[in-house]
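Step one of this worksheet: look at the structure below.
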Amino acid sequence: MAGKVVAAVLVLLLWSGGASLAYAQPAPTTQCAWQFMSDSTVLDVAFPDANATYWVLPYALGPGDTIELSGTYPAARYFSLNTYGTNFDTVDTLRDNQIGPDPGSGNPFADAAAGSLPSAQKRWHATVVTGPADHSRNQIQALPTGANAQSVPVGFLIIRVYVPDDPASPTGGVPLPDVTLTSGGRTSPVPTCGSAFDPSAYDDGPLGQVAEAGFDQVIAGAASGAFPGNVPEATFVNPASTSGLFPNGDNKYVGAGLTYQPGRIVVVQGRAPTFPDTRAGQPVTAPGRQVRYWSMCQNDQVTPYPVVACAADFQTRTDGDGNYTYVVAAPQDVPARAASDPTVTVIPWGSTDVAKKVLFLRYMLPSDAFYPQSVQASQSNHTDPATTMGPYYPRSAYCDTATFESGGAAACL
């Protein structure tokens, strides 16, 4: 299946080039919008979060071309518009509370009272532009155009939605934004695709294998640069880089490399930041919260670097002092004590055939008051996160299952 996932992503890269692969079904058309969707089961690449869904619109804009978006604010913890270049690096980010509402509408990400408005009064418009973008006018910058009409690079526009109020509606209970393309002076609507692209439609032919190898090289090169060398395993550190991995400008991470051994688990403890629990009915704008969102995610450390499982903030158990304890383990290694402890969250190891894993703690949009103890501050100041984050730093260690059974997390840490 990994090859089919890679082949699907390759379609994004070849979108405007006229290249083709061997298909079991007709190739996806470029005449509809948002055909490419990524989550923890489809197009699971480049360390995604299992509590988010991503929709991708490839673009190739010449000078003066624009993409107009018309949408409804979703009922969700977070959403944003992001543009990327062909190298999967960020060009620009425009997030929910920066997107001004249409006249007569309100933005629930900026005004809690707007959350009770009907959908018709929670409307917004935004524009993808090829020149400098003015966020105050709901503009987001595209990949810069080439020097002439024959040099039009391919980029990607991605919509992210985190933790929709209704788990059964990844879009947050609203349609995906309508898309209108203005190119070469002509304006035309781009209808939304009736269904997302299915990677299983692809055959793994010789060209696909060559393409997969090329994609692997791009993603593997970016991922290898994400991990600093000479760092002990089961120790959370700042990544050296997230360049080339479709990074979200509103998130920062610390990660720990892991290697599987039978009978061995990983134990992680730290203080949980406070957050607006939108699944429990709290507004995104609830005062006094330290971050918009945080999560702990387990990932395969092999291309295409899929997510195995995540425990988001609202899924994480804490003790009376607000501290979490994670146990990362294969099913046969999970201590009975961990499974029965109401303050312990178990994160699956995933396939033990993939021995190398990486565990990521993700922080999104820390408040001004919490910023000095955040992952963001550690990376901005180039400081050791164990020092900067204080009690919020995730202390972690390998531990035998038997040791945890006899003494709990304290015996491991």
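Ordering of the structure tokens sets the chain letters (A, B, ...); residue numbers start at 1 within each chain; ligands are numbered from 1 in the order shown.
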Original post:
Could you name the residues that touch A:Leu181 at 10 Å or less, counting only C-alpha atoms, but leaving out those on the same chain fewer than 2 positions away, as number ranges by chain?
Top reply: A: 59, 61, 65-69, 127-128, 179, 183-190
Take the residues from that selection and write them out as a CSV table (one decimal), in the first residue's frame, keeping N, CA and C atoms.
```
chain,number,residue,atom,x,y,z
A,59,TYR,N,-1.7,23.9,-7.6
A,59,TYR,CA,-2.0,25.1,-8.4
A,59,TYR,C,-0.7,25.4,-9.3
A,61,LEU,N,0.1,29.0,-11.1
A,61,LEU,CA,-0.4,30.3,-11.4
A,61,LEU,C,0.6,31.2,-12.1
A,65,ASP,N,-2.5,35.9,-11.9
A,65,ASP,CA,-3.5,34.9,-11.7
A,65,ASP,C,-3.9,34.8,-10.2
A,66,THR,N,-5.1,34.4,-9.9
A,66,THR,CA,-5.6,34.3,-8.5
A,66,THR,C,-6.5,33.0,-8.4
A,67,ILE,N,-6.6,32.6,-7.1
A,67,ILE,CA,-7.6,31.6,-6.8
A,67,ILE,C,-8.5,32.2,-5.7
A,68,GLU,N,-9.8,32.3,-5.9
A,68,GLU,CA,-10.7,32.8,-5.0
A,68,GLU,C,-11.4,31.7,-4.2
A,69,LEU,N,-11.4,31.8,-2.9
A,69,LEU,CA,-12.0,30.8,-2.1
A,69,LEU,C,-13.2,31.4,-1.3
A,127,THR,N,-8.2,35.0,-0.9
A,127,THR,CA,-7.7,35.0,-2.2
A,127,THR,C,-6.2,34.5,-2.2
A,128,VAL,N,-5.9,33.6,-3.1
A,128,VAL,CA,-4.5,33.2,-3.3
A,128,VAL,C,-3.9,34.1,-4.4
A,179,VAL,N,-14.2,27.2,-5.2
A,179,VAL,CA,-13.0,27.6,-5.8
A,179,VAL,C,-13.3,28.3,-7.1
A,183,SER,N,-7.3,33.1,-14.5
A,183,SER,CA,-6.0,32.8,-15.2
A,183,SER,C,-6.0,33.4,-16.6
A,184,GLY,N,-5.0,34.2,-16.9
A,184,GLY,CA,-4.9,34.8,-18.2
A,184,GLY,C,-6.0,35.7,-18.5
A,185,GLY,N,-6.6,36.3,-17.5
A,185,GLY,CA,-7.7,37.3,-17.7
A,185,GLY,C,-9.1,36.6,-17.7
A,186,ARG,N,-9.1,35.3,-17.6
A,186,ARG,CA,-10.4,34.6,-17.7
A,186,ARG,C,-10.8,34.0,-16.3
A,187,THR,N,-12.0,34.2,-15.9
A,187,THR,CA,-12.5,33.7,-14.6
A,187,THR,C,-13.5,32.6,-14.8
A,188,SER,N,-13.2,31.5,-14.0
A,188,SER,CA,-14.1,30.3,-14.1
A,188,SER,C,-14.2,29.6,-12.8
A,189,PRO,N,-15.4,29.1,-12.4
A,189,PRO,CA,-15.5,28.3,-11.2
A,189,PRO,C,-14.9,26.9,-11.4
A,190,VAL,N,-14.3,26.4,-10.3
A,190,VAL,CA,-13.8,25.0,-10.4
A,190,VAL,C,-14.7,24.2,-9.4
```
**OP:** Would you return as number ranges by chain the members of stretch 276-390 of chain A that DSSP assigns to alpha helix (DSSP H) on this structure's backbone?
**Re:** A: 336-340, 375-381, 385-388
Write the residues of the selection above to a file with C-alpha atoms, as a PDB file, in the first residue's frame.
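And here's out21.pdb as it stands now:
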```pdb
ATOM      1  CA  ALA A 336      -1.565  -4.672  32.892  1.00  0.00           C
ATOM      2  CA  ARG A 337      -0.889  -1.911  35.391  1.00  0.00           C
ATOM      3  CA  ALA A 338      -0.776   0.671  32.587  1.00  0.00           C
ATOM      4  CA  ALA A 339      -3.966  -0.570  30.976  1.00  0.00           C
ATOM      5  CA  SER A 340      -5.902  -0.277  34.252  1.00  0.00           C
ATOM      6  CA  VAL A 375       8.249  24.356  22.324  1.00  0.00           C
ATOM      7  CA  GLN A 376       8.066  27.492  20.188  1.00  0.00           C
ATOM      8  CA  ALA A 377      10.215  29.465  22.634  1.00  0.00           C
ATOM      9  CA  SER A 378      12.812  26.710  22.842  1.00  0.00           C
ATOM     10  CA  GLN A 379      13.201  26.629  19.082  1.00  0.00           C
ATOM     11  CA  SER A 380      13.092  30.378  18.599  1.00  0.00           C
ATOM     12  CA  ASN A 381      15.779  30.887  21.267  1.00  0.00           C
ATOM     13  CA  PRO A 385      13.723  22.204  25.594  1.00  0.00           C
ATOM     14  CA  ALA A 386      14.348  20.362  28.879  1.00  0.00           C
ATOM     15  CA  THR A 387      15.426  23.705  30.354  1.00  0.00           C
ATOM     16  CA  THR A 388      12.982  26.010  28.554  1.00  0.00           C
TER      17      THR A 388
END
```
Subject >> Residue neighbourhood A:Asp333, 12 Å, only C-alpha atoms, exclusion window fewer than 2 positions, as a ChimeraX atom specification >> reply: /A:260-266,327-331,335-339,346-350,352,399-405
**OP:** Skip A:Leu176 itself and residues of its chain fewer than 5 positions away, then list as a PyMOL selection string all residues within 9 Å of it, counting only C-alpha atoms.
**Re:** chain A and resi 34+55+70-72+159+171+192
Written selection (N, CA and C atoms) as a PDB file, in the first residue's frame:
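Dumped everything to again_21.pdb:
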```pdb
ATOM      1  N   TRP A  34     -10.093  20.007  -4.686  1.00  0.00           N
ATOM      2  CA  TRP A  34      -9.980  19.257  -3.435  1.00  0.00           C
ATOM      3  C   TRP A  34     -10.105  17.743  -3.646  1.00  0.00           C
ATOM      4  N   TRP A  55      -6.795  18.712   2.971  1.00  0.00           N
ATOM      5  CA  TRP A  55      -7.265  18.675   1.586  1.00  0.00           C
ATOM      6  C   TRP A  55      -6.309  19.491   0.740  1.00  0.00           C
ATOM      7  N   SER A  70     -14.313  30.627  -1.280  1.00  0.00           N
ATOM      8  CA  SER A  70     -15.509  31.084  -0.592  1.00  0.00           C
ATOM      9  C   SER A  70     -16.002  29.949   0.290  1.00  0.00           C
ATOM     10  N   GLY A  71     -15.979  30.166   1.612  1.00  0.00           N
ATOM     11  CA  GLY A  71     -16.293  29.062   2.506  1.00  0.00           C
ATOM     12  C   GLY A  71     -17.067  29.470   3.740  1.00  0.00           C
ATOM     13  N   THR A  72     -17.312  28.486   4.588  1.00  0.00           N
ATOM     14  CA  THR A  72     -17.993  28.661   5.871  1.00  0.00           C
ATOM     15  C   THR A  72     -17.048  28.201   6.971  1.00  0.00           C
ATOM     16  N   ILE A 159      -5.815  22.881   2.941  1.00  0.00           N
ATOM     17  CA  ILE A 159      -6.703  23.231   4.047  1.00  0.00           C
ATOM     18  C   ILE A 159      -6.504  22.198   5.145  1.00  0.00           C
ATOM     19  N   THR A 171     -14.706  17.749   7.749  1.00  0.00           N
ATOM     20  CA  THR A 171     -14.690  19.146   7.315  1.00  0.00           C
ATOM     21  C   THR A 171     -15.219  20.097   8.369  1.00  0.00           C
ATOM     22  N   THR A 192     -16.206  21.452  -6.956  1.00  0.00           N
ATOM     23  CA  THR A 192     -15.612  20.547  -5.976  1.00  0.00           C
ATOM     24  C   THR A 192     -15.783  19.107  -6.435  1.00  0.00           C
TER      25      THR A 192
END
```
For the contact check between stretch 257-336 of chain A and stretch 75-85 of chain A, emit one row per residue of stretch 257-336 of chain A within 12 Å, containing the shortest atom pair and the distance in Å rounded to one decimal, counting only C-alpha atoms, chain then rising number order, as JSON lines.
```
{"residue": "A:Phe275", "atom": "CA", "partner": "A:Arg77", "partner_atom": "CA", "distance": 9.9}
{"residue": "A:Pro276", "atom": "CA", "partner": "A:Arg77", "partner_atom": "CA", "distance": 7.9}
{"residue": "A:Asp277", "atom": "CA", "partner": "A:Arg77", "partner_atom": "CA", "distance": 8.1}
{"residue": "A:Thr278", "atom": "CA", "partner": "A:Arg77", "partner_atom": "CA", "distance": 6.0}
{"residue": "A:Arg279", "atom": "CA", "partner": "A:Arg77", "partner_atom": "CA", "distance": 8.3}
{"residue": "A:Ala280", "atom": "CA", "partner": "A:Arg77", "partner_atom": "CA", "distance": 11.1}
{"residue": "A:Gly281", "atom": "CA", "partner": "A:Ala76", "partner_atom": "CA", "distance": 10.4}
{"residue": "A:Gln282", "atom": "CA", "partner": "A:Arg77", "partner_atom": "CA", "distance": 9.7}
{"residue": "A:Pro283", "atom": "CA", "partner": "A:Arg77", "partner_atom": "CA", "distance": 8.4}
{"residue": "A:Val284", "atom": "CA", "partner": "A:Arg77", "partner_atom": "CA", "distance": 6.2}
{"residue": "A:Thr285", "atom": "CA", "partner": "A:Arg77", "partner_atom": "CA", "distance": 9.9}
{"residue": "A:Ala286", "atom": "CA", "partner": "A:Arg77", "partner_atom": "CA", "distance": 11.4}
{"residue": "A:Val291", "atom": "CA", "partner": "A:Arg77", "partner_atom": "CA", "distance": 11.2}
{"residue": "A:Arg292", "atom": "CA", "partner": "A:Arg77", "partner_atom": "CA", "distance": 7.5}
{"residue": "A:Tyr293", "atom": "CA", "partner": "A:Arg77", "partner_atom": "CA", "distance": 7.7}
{"residue": "A:Trp294", "atom": "CA", "partner": "A:Arg77", "partner_atom": "CA", "distance": 11.0}
{"residue": "A:Ala312", "atom": "CA", "partner": "A:Arg77", "partner_atom": "CA", "distance": 11.6}
{"residue": "A:Asp313", "atom": "CA", "partner": "A:Arg77", "partner_atom": "CA", "distance": 11.4}
{"residue": "A:Phe314", "atom": "CA", "partner": "A:Arg77", "partner_atom": "CA", "distance": 11.2}
```
Since we have the selection now, will you write its residues out, keeping all heavy atoms, as a short mmCIF file (atom, residue, chain, number, x, y, z; two decimals), in the first residue's frame?
```cif
data_model
loop_
_atom_site.label_atom_id
_atom_site.label_comp_id
_atom_site.auth_asym_id
_atom_site.auth_seq_id
_atom_site.Cartn_x
_atom_site.Cartn_y
_atom_site.Cartn_z
N PHE A 275 -6.06 23.76 27.36
CA PHE A 275 -6.49 23.92 25.97
C PHE A 275 -8.01 24.09 25.95
O PHE A 275 -8.71 23.70 26.90
CB PHE A 275 -6.10 22.69 25.15
CG PHE A 275 -6.74 21.41 25.65
CD1 PHE A 275 -7.92 20.95 25.11
CD2 PHE A 275 -6.17 20.69 26.70
CE1 PHE A 275 -8.53 19.78 25.58
CE2 PHE A 275 -6.76 19.53 27.17
CZ PHE A 275 -7.95 19.06 26.63
N PRO A 276 -8.57 24.67 24.89
CA PRO A 276 -10.04 24.78 24.78
C PRO A 276 -10.61 23.45 24.30
O PRO A 276 -10.40 23.03 23.16
CB PRO A 276 -10.23 25.89 23.74
CG PRO A 276 -9.00 25.82 22.89
CD PRO A 276 -7.88 25.37 23.80
N ASP A 277 -11.32 22.75 25.16
CA ASP A 277 -11.86 21.44 24.82
C ASP A 277 -13.14 21.62 24.01
O ASP A 277 -14.26 21.58 24.54
CB ASP A 277 -12.12 20.61 26.08
CG ASP A 277 -12.42 19.15 25.76
OD1 ASP A 277 -12.58 18.82 24.56
OD2 ASP A 277 -12.50 18.34 26.70
N THR A 278 -12.98 21.82 22.72
CA THR A 278 -14.12 22.10 21.85
C THR A 278 -15.05 20.90 21.72
O THR A 278 -16.25 21.08 21.49
CB THR A 278 -13.63 22.54 20.47
OG1 THR A 278 -12.57 21.66 20.02
CG2 THR A 278 -13.06 23.95 20.52
N ARG A 279 -14.53 19.69 21.87
CA ARG A 279 -15.41 18.52 21.85
C ARG A 279 -16.35 18.51 23.06
O ARG A 279 -17.42 17.90 23.02
CB ARG A 279 -14.59 17.23 21.83
CG ARG A 279 -13.94 16.92 20.48
CD ARG A 279 -14.89 16.19 19.55
NE ARG A 279 -14.33 16.01 18.22
CZ ARG A 279 -13.61 14.95 17.84
NH1 ARG A 279 -13.35 13.98 18.71
NH2 ARG A 279 -13.15 14.87 16.61
N ALA A 280 -15.96 19.21 24.13
CA ALA A 280 -16.80 19.31 25.32
C ALA A 280 -17.64 20.58 25.32
O ALA A 280 -18.27 20.91 26.32
CB ALA A 280 -15.93 19.27 26.57
N GLY A 281 -17.62 21.31 24.19
CA GLY A 281 -18.46 22.49 24.06
C GLY A 281 -17.79 23.80 24.40
O GLY A 281 -18.43 24.86 24.35
N GLN A 282 -16.51 23.79 24.77
CA GLN A 282 -15.82 25.04 25.07
C GLN A 282 -15.47 25.77 23.77
O GLN A 282 -15.09 25.13 22.78
CB GLN A 282 -14.54 24.76 25.85
CG GLN A 282 -14.76 24.13 27.21
CD GLN A 282 -13.46 23.79 27.91
OE1 GLN A 282 -12.38 24.08 27.43
NE2 GLN A 282 -13.57 23.13 29.06
N PRO A 283 -15.58 27.09 23.73
CA PRO A 283 -15.21 27.83 22.52
C PRO A 283 -13.70 27.89 22.34
O PRO A 283 -12.95 27.83 23.33
CB PRO A 283 -15.79 29.23 22.76
CG PRO A 283 -15.81 29.37 24.25
CD PRO A 283 -16.10 27.99 24.78
N VAL A 284 -13.27 28.01 21.10
CA VAL A 284 -11.85 28.16 20.82
C VAL A 284 -11.27 29.37 21.55
O VAL A 284 -10.11 29.36 21.96
CB VAL A 284 -11.64 28.31 19.29
CG1 VAL A 284 -10.24 28.79 18.97
CG2 VAL A 284 -11.93 26.98 18.59
N THR A 285 -12.10 30.38 21.73
CA THR A 285 -11.66 31.64 22.34
C THR A 285 -11.70 31.62 23.87
O THR A 285 -11.51 32.66 24.50
CB THR A 285 -12.54 32.79 21.84
OG1 THR A 285 -13.92 32.47 22.10
CG2 THR A 285 -12.35 33.01 20.34
N ALA A 286 -11.95 30.46 24.49
CA ALA A 286 -12.02 30.39 25.95
C ALA A 286 -10.78 31.01 26.57
O ALA A 286 -9.65 30.66 26.19
CB ALA A 286 -12.17 28.94 26.40
N VAL A 291 -2.51 26.66 25.17
CA VAL A 291 -2.28 26.38 23.75
C VAL A 291 -3.65 26.17 23.09
O VAL A 291 -4.64 25.88 23.75
CB VAL A 291 -1.40 25.13 23.53
CG1 VAL A 291 0.00 25.33 24.08
CG2 VAL A 291 -2.04 23.88 24.13
N ARG A 292 -3.66 26.31 21.78
CA ARG A 292 -4.88 25.98 21.03
C ARG A 292 -5.07 24.47 20.96
O ARG A 292 -6.20 23.97 21.02
CB ARG A 292 -4.79 26.57 19.62
CG ARG A 292 -5.95 26.17 18.69
CD ARG A 292 -7.20 26.96 18.95
NE ARG A 292 -7.03 28.32 18.44
CZ ARG A 292 -7.27 28.68 17.18
NH1 ARG A 292 -7.73 27.80 16.31
NH2 ARG A 292 -7.10 29.94 16.80
N TYR A 293 -3.95 23.74 20.82
CA TYR A 293 -4.02 22.29 20.63
C TYR A 293 -2.66 21.71 20.96
O TYR A 293 -1.62 22.35 20.75
CB TYR A 293 -4.39 21.97 19.18
CG TYR A 293 -4.35 20.50 18.81
CD1 TYR A 293 -5.42 19.66 19.09
CD2 TYR A 293 -3.25 19.96 18.15
CE1 TYR A 293 -5.39 18.31 18.74
CE2 TYR A 293 -3.22 18.62 17.79
CZ TYR A 293 -4.28 17.80 18.09
OH TYR A 293 -4.25 16.47 17.75
N TRP A 294 -2.65 20.47 21.47
CA TRP A 294 -1.39 19.75 21.60
C TRP A 294 -1.68 18.25 21.46
O TRP A 294 -2.81 17.80 21.65
CB TRP A 294 -0.66 20.06 22.90
CG TRP A 294 -1.30 19.57 24.17
CD1 TRP A 294 -2.21 20.22 24.94
CD2 TRP A 294 -1.07 18.31 24.83
NE1 TRP A 294 -2.56 19.46 26.03
CE2 TRP A 294 -1.88 18.28 25.99
CE3 TRP A 294 -0.24 17.21 24.55
CZ2 TRP A 294 -1.89 17.19 26.87
CZ3 TRP A 294 -0.26 16.13 25.43
CH2 TRP A 294 -1.06 16.13 26.56
N ALA A 312 -4.45 13.02 21.32
CA ALA A 312 -4.62 14.46 21.38
C ALA A 312 -4.86 14.89 22.82
O ALA A 312 -5.08 14.07 23.72
CB ALA A 312 -5.79 14.88 20.50
N ASP A 313 -4.83 16.20 23.04
CA ASP A 313 -5.02 16.74 24.39
C ASP A 313 -6.28 16.20 25.06
O ASP A 313 -6.24 15.75 26.20
CB ASP A 313 -5.03 18.28 24.34
CG ASP A 313 -5.81 18.87 23.17
OD1 ASP A 313 -6.76 18.20 22.70
OD2 ASP A 313 -5.49 19.99 22.73
N PHE A 314 -7.41 16.20 24.34
CA PHE A 314 -8.67 15.76 24.94
C PHE A 314 -8.74 14.24 25.10
O PHE A 314 -9.64 13.73 25.77
CB PHE A 314 -9.86 16.26 24.11
CG PHE A 314 -9.97 15.61 22.74
CD1 PHE A 314 -10.83 14.54 22.54
CD2 PHE A 314 -9.23 16.08 21.67
CE1 PHE A 314 -10.95 13.94 21.29
CE2 PHE A 314 -9.33 15.49 20.42
CZ PHE A 314 -10.20 14.42 20.23
#
```
**OP:** Figure out the distance between atom CA of A:Met364 and atom CA of A:Asp102, please, to one decimal in Å.
**Re:** 26.2 Å
A:Pro342: which residues within 9 Å, counting only C-alpha atoms, same-chain residues fewer than 5 positions away excluded, as a compact mmCIF listing (two decimals) with all heavy atoms, in the first residue's frame?
```
# COMPACT_ATOMS: atom_id res chain seq x y z
N ARG A 317 -5.12 11.19 29.35
CA ARG A 317 -5.47 11.14 30.76
C ARG A 317 -4.43 11.91 31.58
O ARG A 317 -3.25 11.88 31.26
CB ARG A 317 -5.53 9.69 31.23
CG ARG A 317 -6.58 8.85 30.52
CD ARG A 317 -6.46 7.40 30.90
NE ARG A 317 -7.56 6.58 30.40
CZ ARG A 317 -7.70 5.29 30.64
NH1 ARG A 317 -6.79 4.64 31.37
NH2 ARG A 317 -8.73 4.63 30.15
N THR A 318 -4.88 12.55 32.64
CA THR A 318 -3.96 13.28 33.53
C THR A 318 -4.31 12.96 34.98
O THR A 318 -5.41 12.49 35.30
CB THR A 318 -4.06 14.80 33.30
OG1 THR A 318 -5.41 15.22 33.49
CG2 THR A 318 -3.60 15.17 31.90
N ASP A 319 -3.34 13.23 35.85
CA ASP A 319 -3.59 13.05 37.28
C ASP A 319 -4.15 14.34 37.87
O ASP A 319 -4.43 15.31 37.16
CB ASP A 319 -2.33 12.58 37.99
CG ASP A 319 -1.18 13.60 37.93
OD1 ASP A 319 -1.44 14.79 37.67
OD2 ASP A 319 -0.02 13.19 38.15
```
